[in-house]
Structure formats: structure tokens, C-alpha cells
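A short write-up of the structure that comes next.
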Amino acid sequence: MDEPYFVEPADHGWSGEVRHTVAAIDLGIKAMTPVRLAERGMRVHVLPHDATLEDIKASGASGVFFSNGPGDPATATEQIELVRQVLDAGIPYFGICFGNQILGRALGLDTYKLRFGHRGINQPVMVKDTGKVEITSQNHGFAVQAPLQGSFTAPVERFGQVEVSHFSLNDQVVEGLRCLDIPAFSVQYHPEAASGPHDAANLFDRFADVLDSTADKDNK
């Protein structure tokens with residue numbers, strides 16, 4: 001995708017006022033992903049992979065989403081730097097798949113290539129804060145290296161405390177990250193799941209709630 005475009009809430013069943021504008025960085029985005037955001041009242045401004053922080057600010061976005069996509073996250077130096085700029089600016093961040101790996105790299109964590117990768121629509125993931133298992137859709141060959149238990153200080157220390165929020169029940173691979181001191185989180189799988197399981201669709205609600213909370217703080 002070379003030209004930015006909008007996905008409007010009103011075109012996807014939302015009848016109220018627009019809740020927020022989200023800048024979605026297209027690294028290989030699936031068509032259903034901005035739809036899932038729009039269904040929850042978010043106007044989505046889809047930007048190309050080489051978008052800058054200035055492009056994000058010009059869009060009026062109150063949140064940033066990084067999509068799935070192919071490639072080795074260690075080579076995505078421009079996108080890693082952009083995420084660091086987003087985090088430094090205090091803009092809420094949500095990433096999936098490649099966007100999870102890029103968040104990990106932005107925080108200073110290592111990534112590595114899996115021997116076989118995770119593929120398919122029946123991948124069980126433990127959600128640590130609820131103890132529930134979600135059946136997820138996955139398609140990735142790289143993963144973030146991080147301790148599964150407890151919280152830890154990000155190697156890039158200015159980003160504060162981080163925890164692994166989700167992990168694979170098949171092989172204990174990291175499946176999600178949550179920053180505790182800044183508004184940023186990510187998952188390794190595909191919550192838009194079109195087609196596939198919808199167990200993780202709540203993550204789009206979670207992002208909307210984070211944007212609501214951040215807006216409330218800014219208005220006080």
C-alpha cells in the first residue's frame with residue numbers, strides 16, 4: 001500500500017460519534033483488521049510502512065496500531081525507531097504479529113527465528129492475567145525472547161516495567177507483551193481472525209479502553 005486511506009466506523013455498523021482516530025501502519029495488514037477497529041467506533045487512518053511520527057501526528061491519531069507482516073524483525077530498523085518515538089510521545093500503542101516483535105525490539109528485547117514457526121487456526125495461548133486459554137490464529141516464524149514469569153525492566157530502561165502477558169501452551173513461546181508504565185501492548189497472533197477463532201477479539205475492545213483512559217487523563 002502506497003497511499004493512505006481511511007476506514008470509517010459508520011461503514012461498519014457504528015452509529016455513534018467517532019471515539020478515536022487510530023493510525024494503522026501497514027506492514028502487510030489484513031483487510032479485516034481496520035474493520036475490527038472501526039466496528040468499535042475508531043476511525044482508522046491506514047498509513048504505509050515508511051510513515052513517520054510527523055505523518056502520525058498529522059493524521060490526528062490518538063493511538064497507533066502496527067500490523068502483521070513478513071520478515072525478520074531485527075531488520076525493521078526504521079519501524080523499531082518509529083515505535084520508540086511513539087512510546088516516547090506517550091501515544092498508546094497496539095501491535096499484532098510483526099507489530100508484537102517490533103514492540104519487543106523497540107523495548108530492547110531480542111527476537112529469534114523459530115525452528116518450525118506457528119501456523120494455523122488452532123493455537124492455544126494462555127492469558128496470564130485471567131488464567132484463561134484462547135484459541136488463536138497464527139502465522140509467524142519469529143518470536144520475542146523474554147522471561148515468562150514476573151515483570152522486568154525493559155533493556156531500554158526509559159520504557160519502564162514490562163511483562164509477558166500471553167504465552168503458547170504448546171511450546172511456551174512469548175505470545176504477548178504489556179508495558180506497565182506506558183500505554184503499550186501487543187500480541188503475536190491474529191485477533192481479527194477472518195476466518196478463524198474469535199476468542200481474542202476482546203483485544204480491540206482493550207485498545208479502545210486504553211484510548212478512552214488516555215483521553216480522560218489528558219482532559220483533566
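To be explicit about the labels: the chains of the C-alpha cells are called A, B, and onward in the order shown, and within each one the residues are counted from 1, while ligands get numbers from 1 in the order they are shown.
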Query - alpha helix (DSSP H) per DSSP on the backbone: members of region 15-122 of chain A, as a PyMOL selection string - result: chain A and resi 32-38+53-58+77-88+98-106
**Report entry** Exercise: Thr52 (chain A) partners within 10 Å, only C-alpha atoms, chain neighbours under 2 positions left out, as a list of chain:residue names
**Finding:** A:Ile25, A:Leu47, A:Pro48, A:His49, A:Asp50, A:Glu54, A:Asp55, A:Ile56, A:Lys57, A:Ala58, A:Glu78, A:Gln79, A:Glu81, A:Leu82, A:Val83, A:Gln85, A:Val86
Query raised in the report: Excluding same-chain residues fewer than 4 positions from Ser186 (chain A), what lies within 8 Å of it counting only C-alpha atoms, as a list in words?
Result: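 Near Ser186 (chain A), the qualifying residues are Tyr93, Phe94, Gly95, Ile96, Cys97, Gly99, Asn100, Leu103, Gly176, Leu177 and Arg178 of chain A.
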Could those residues be written to a file, using all heavy atoms, as a PDB file, in the first residue's frame?
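New file result-v8.pdb:
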ATOM      1  N   TYR A  93      -0.123   2.409  22.081  1.00  0.00           N
ATOM      2  CA  TYR A  93       0.345   1.524  21.013  1.00  0.00           C
ATOM      3  C   TYR A  93      -0.274   0.144  21.175  1.00  0.00           C
ATOM      4  O   TYR A  93      -0.329  -0.404  22.277  1.00  0.00           O
ATOM      5  CB  TYR A  93       1.869   1.397  21.078  1.00  0.00           C
ATOM      6  CG  TYR A  93       2.446   0.389  20.104  1.00  0.00           C
ATOM      7  CD1 TYR A  93       2.833   0.774  18.831  1.00  0.00           C
ATOM      8  CD2 TYR A  93       2.601  -0.958  20.460  1.00  0.00           C
ATOM      9  CE1 TYR A  93       3.356  -0.147  17.920  1.00  0.00           C
ATOM     10  CE2 TYR A  93       3.112  -1.883  19.561  1.00  0.00           C
ATOM     11  CZ  TYR A  93       3.495  -1.471  18.300  1.00  0.00           C
ATOM     12  OH  TYR A  93       3.997  -2.390  17.415  1.00  0.00           O
ATOM     13  N   PHE A  94      -0.710  -0.427  20.041  1.00  0.00           N
ATOM     14  CA  PHE A  94      -1.193  -1.810  19.978  1.00  0.00           C
ATOM     15  C   PHE A  94      -0.586  -2.437  18.732  1.00  0.00           C
ATOM     16  O   PHE A  94      -0.681  -1.876  17.639  1.00  0.00           O
ATOM     17  CB  PHE A  94      -2.719  -1.813  19.909  1.00  0.00           C
ATOM     18  CG  PHE A  94      -3.371  -3.159  19.701  1.00  0.00           C
ATOM     19  CD1 PHE A  94      -2.799  -4.333  20.152  1.00  0.00           C
ATOM     20  CD2 PHE A  94      -4.596  -3.244  19.042  1.00  0.00           C
ATOM     21  CE1 PHE A  94      -3.413  -5.565  19.957  1.00  0.00           C
ATOM     22  CE2 PHE A  94      -5.224  -4.465  18.846  1.00  0.00           C
ATOM     23  CZ  PHE A  94      -4.619  -5.632  19.301  1.00  0.00           C
ATOM     24  N   GLY A  95       0.052  -3.590  18.883  1.00  0.00           N
ATOM     25  CA  GLY A  95       0.639  -4.279  17.746  1.00  0.00           C
ATOM     26  C   GLY A  95       0.256  -5.736  17.730  1.00  0.00           C
ATOM     27  O   GLY A  95       0.036  -6.342  18.794  1.00  0.00           O
ATOM     28  N   ILE A  96       0.150  -6.305  16.531  1.00  0.00           N
ATOM     29  CA  ILE A  96      -0.105  -7.739  16.416  1.00  0.00           C
ATOM     30  C   ILE A  96       0.950  -8.363  15.502  1.00  0.00           C
ATOM     31  O   ILE A  96       1.423  -7.738  14.544  1.00  0.00           O
ATOM     32  CB  ILE A  96      -1.522  -8.051  15.884  1.00  0.00           C
ATOM     33  CG1 ILE A  96      -1.712  -7.593  14.436  1.00  0.00           C
ATOM     34  CG2 ILE A  96      -2.577  -7.434  16.775  1.00  0.00           C
ATOM     35  CD1 ILE A  96      -3.002  -8.111  13.808  1.00  0.00           C
ATOM     36  N   CYS A  97       1.327  -9.586  15.806  1.00  0.00           N
ATOM     37  CA  CYS A  97       2.243 -10.387  14.996  1.00  0.00           C
ATOM     38  C   CYS A  97       3.567  -9.650  14.793  1.00  0.00           C
ATOM     39  O   CYS A  97       4.349  -9.496  15.725  1.00  0.00           O
ATOM     40  CB  CYS A  97       1.567 -10.786  13.695  1.00  0.00           C
ATOM     41  SG  CYS A  97       2.352 -12.197  12.890  1.00  0.00           S
ATOM     42  N   GLY A  99       3.966  -6.592  14.555  1.00  0.00           N
ATOM     43  CA  GLY A  99       3.892  -5.453  15.461  1.00  0.00           C
ATOM     44  C   GLY A  99       4.256  -5.806  16.886  1.00  0.00           C
ATOM     45  O   GLY A  99       4.732  -4.947  17.643  1.00  0.00           O
ATOM     46  N   ASN A 100       4.052  -7.061  17.291  1.00  0.00           N
ATOM     47  CA  ASN A 100       4.488  -7.531  18.598  1.00  0.00           C
ATOM     48  C   ASN A 100       6.010  -7.654  18.635  1.00  0.00           C
ATOM     49  O   ASN A 100       6.665  -7.216  19.592  1.00  0.00           O
ATOM     50  CB  ASN A 100       3.845  -8.888  18.893  1.00  0.00           C
ATOM     51  CG  ASN A 100       4.349  -9.516  20.176  1.00  0.00           C
ATOM     52  OD1 ASN A 100       4.098  -9.023  21.269  1.00  0.00           O
ATOM     53  ND2 ASN A 100       5.079 -10.623  20.058  1.00  0.00           N
ATOM     54  N   LEU A 103       7.552  -4.171  18.743  1.00  0.00           N
ATOM     55  CA  LEU A 103       7.490  -3.606  20.090  1.00  0.00           C
ATOM     56  C   LEU A 103       8.591  -4.206  20.952  1.00  0.00           C
ATOM     57  O   LEU A 103       9.282  -3.485  21.679  1.00  0.00           O
ATOM     58  CB  LEU A 103       6.127  -3.847  20.733  1.00  0.00           C
ATOM     59  CG  LEU A 103       6.009  -3.381  22.201  1.00  0.00           C
ATOM     60  CD1 LEU A 103       6.250  -1.879  22.325  1.00  0.00           C
ATOM     61  CD2 LEU A 103       4.655  -3.757  22.780  1.00  0.00           C
ATOM     62  N   GLY A 176       2.651 -12.416  23.823  1.00  0.00           N
ATOM     63  CA  GLY A 176       2.148 -11.066  24.057  1.00  0.00           C
ATOM     64  C   GLY A 176       3.004 -10.329  25.061  1.00  0.00           C
ATOM     65  O   GLY A 176       3.628 -10.937  25.928  1.00  0.00           O
ATOM     66  N   LEU A 177       3.041  -9.001  24.933  1.00  0.00           N
ATOM     67  CA  LEU A 177       3.781  -8.125  25.833  1.00  0.00           C
ATOM     68  C   LEU A 177       2.850  -7.035  26.347  1.00  0.00           C
ATOM     69  O   LEU A 177       1.949  -6.587  25.634  1.00  0.00           O
ATOM     70  CB  LEU A 177       4.958  -7.468  25.112  1.00  0.00           C
ATOM     71  CG  LEU A 177       6.047  -8.388  24.557  1.00  0.00           C
ATOM     72  CD1 LEU A 177       6.978  -7.595  23.643  1.00  0.00           C
ATOM     73  CD2 LEU A 177       6.823  -9.053  25.687  1.00  0.00           C
ATOM     74  N   ARG A 178       3.091  -6.624  27.587  1.00  0.00           N
ATOM     75  CA  ARG A 178       2.347  -5.492  28.144  1.00  0.00           C
ATOM     76  C   ARG A 178       3.308  -4.598  28.900  1.00  0.00           C
ATOM     77  O   ARG A 178       4.031  -5.068  29.791  1.00  0.00           O
ATOM     78  CB  ARG A 178       1.238  -5.974  29.075  1.00  0.00           C
ATOM     79  CG  ARG A 178       0.383  -4.836  29.650  1.00  0.00           C
ATOM     80  CD  ARG A 178      -0.880  -5.379  30.294  1.00  0.00           C
ATOM     81  NE  ARG A 178      -0.611  -6.025  31.555  1.00  0.00           N
ATOM     82  CZ  ARG A 178      -0.794  -5.453  32.762  1.00  0.00           C
ATOM     83  NH1 ARG A 178      -1.249  -4.221  32.833  1.00  0.00           N
ATOM     84  NH2 ARG A 178      -0.548  -6.128  33.867  1.00  0.00           N
TER      85      ARG A 178
END
Report task. Would you work out the distance separating CA of Leu37 (chain A) from CA of Arg105 (chain A), expressed in Å to one decimal? Result -> 24.7 Å
Requested in this report: Find the spatial neighbours of Glu17 (chain A), counting only C-alpha atoms, within a cut-off of 10 Å - ignore same-chain residues fewer than 5 positions away - and output them as a PyMOL selection string.
Outcome: chain A and resi 9-10+41-42
Those selected residues, please, written with N, CA and C atoms and delivered as a short mmCIF file (atom, residue, chain, number, x, y, z; two decimals), in the first residue's frame.
data_model
loop_
_atom_site.label_atom_id
_atom_site.label_comp_id
_atom_site.auth_asym_id
_atom_site.auth_seq_id
_atom_site.Cartn_x
_atom_site.Cartn_y
_atom_site.Cartn_z
N PRO A 9 -15.92 4.20 10.90
CA PRO A 9 -16.83 3.43 11.76
C PRO A 9 -18.25 3.32 11.20
N ALA A 10 -18.74 4.40 10.61
CA ALA A 10 -20.12 4.41 10.10
C ALA A 10 -20.34 3.38 9.00
N GLY A 41 -15.91 1.95 16.85
CA GLY A 41 -16.02 3.40 16.86
C GLY A 41 -14.73 4.14 16.57
N MET A 42 -13.72 3.45 16.09
CA MET A 42 -12.45 4.09 15.80
C MET A 42 -12.29 4.35 14.31
#
Pick out the residues sitting within 9 Å of Pro155 (chain A), and hand them over as a short mmCIF file (atom, residue, chain, number, x, y, z; two decimals) with C-alpha atoms, in the first residue's frame; count only C-alpha atoms, and ignore anything fewer than 2 positions along from it in its own chain.
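Final output, selection-v1.cif:
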data_model
loop_
_atom_site.label_atom_id
_atom_site.label_comp_id
_atom_site.auth_asym_id
_atom_site.auth_seq_id
_atom_site.Cartn_x
_atom_site.Cartn_y
_atom_site.Cartn_z
CA LEU A 107 11.92 -2.14 24.17
CA GLY A 108 15.40 -3.61 23.67
CA LEU A 109 14.42 -7.28 23.72
CA PHE A 152 11.19 -6.87 34.34
CA THR A 153 12.78 -3.57 33.39
CA GLU A 157 15.20 1.49 30.57
CA ARG A 158 13.22 4.66 29.90
CA PHE A 159 10.24 2.48 28.92
CA GLY A 160 9.98 1.08 32.44
#
Query - Shortest interatomic distance to Phe167 (chain A) - which of A:Ile80, A:Val125, A:Val133, A:Ala154, counting only C-alpha atoms - result: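 Closest residue, counting only C-alpha atoms: A:Val125.
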Query raised in the report: Using only C-alpha atoms, which residue out of A:His20, A:Lys30, A:Lys113, A:His118 lies closest to Arg43 (chain A)?
Result: A:His20
Report task. Give me every strand (DSSP E) residue in region 30-220 of chain A, going by DSSP on the backbone, as a PyMOL selection string. Result -> chain A and resi 42-47+63-66+93-96+110-127+132-145+151-153+161-168+174-179+184-187
Query raised in the report: Which value, in Å to one decimal, gives the distance between CA of Val173 (chain A) and CA of Glu134 (chain A)?
Result: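 For CA of Val173 (chain A) relative to CA of Glu134 (chain A), the distance reads 14.6 Å.
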Query - Atomic separation - CA of Phe142 (chain A) relative to CA of Asp110 (chain A), Å - result: 10.5 Å
**Report entry** Selected residue of minimal separation from Arg36 (chain A) among A:Asp205, A:Asp212, A:Asp218, A:Asp88, counting only C-alpha atoms
**Finding:**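 Counting only C-alpha atoms, the residue closest to Arg36 (chain A) is A:Asp205.
Distances here use only C-alpha atoms; by that measure, the residue among A:Thr130, A:Thr77, A:Thr136, A:Gln101 closest to Val174 (chain A) is A:Gln101.
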Query raised in the report: Of the candidates A:Gly104, A:Trp14, A:Tyr189, A:Phe98, which one gets nearest to Gly120 (chain A) if we count only C-alpha atoms?
Result: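 With only C-alpha atoms as the atom set, the closest residue is A:Tyr189.
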Query raised in the report: Could you pull the residues within 12 Å of Thr21 (chain A), counting only C-alpha atoms, minus those fewer than 6 positions along the same chain, as JSON, numbers by chain?
Result: {"A": [6, 7, 8, 9, 34, 37, 38, 40, 41, 42, 43, 44, 45, 46, 56, 57, 58, 59, 60, 61, 62, 63, 64, 65, 91, 92, 207, 208, 211, 212, 215]}
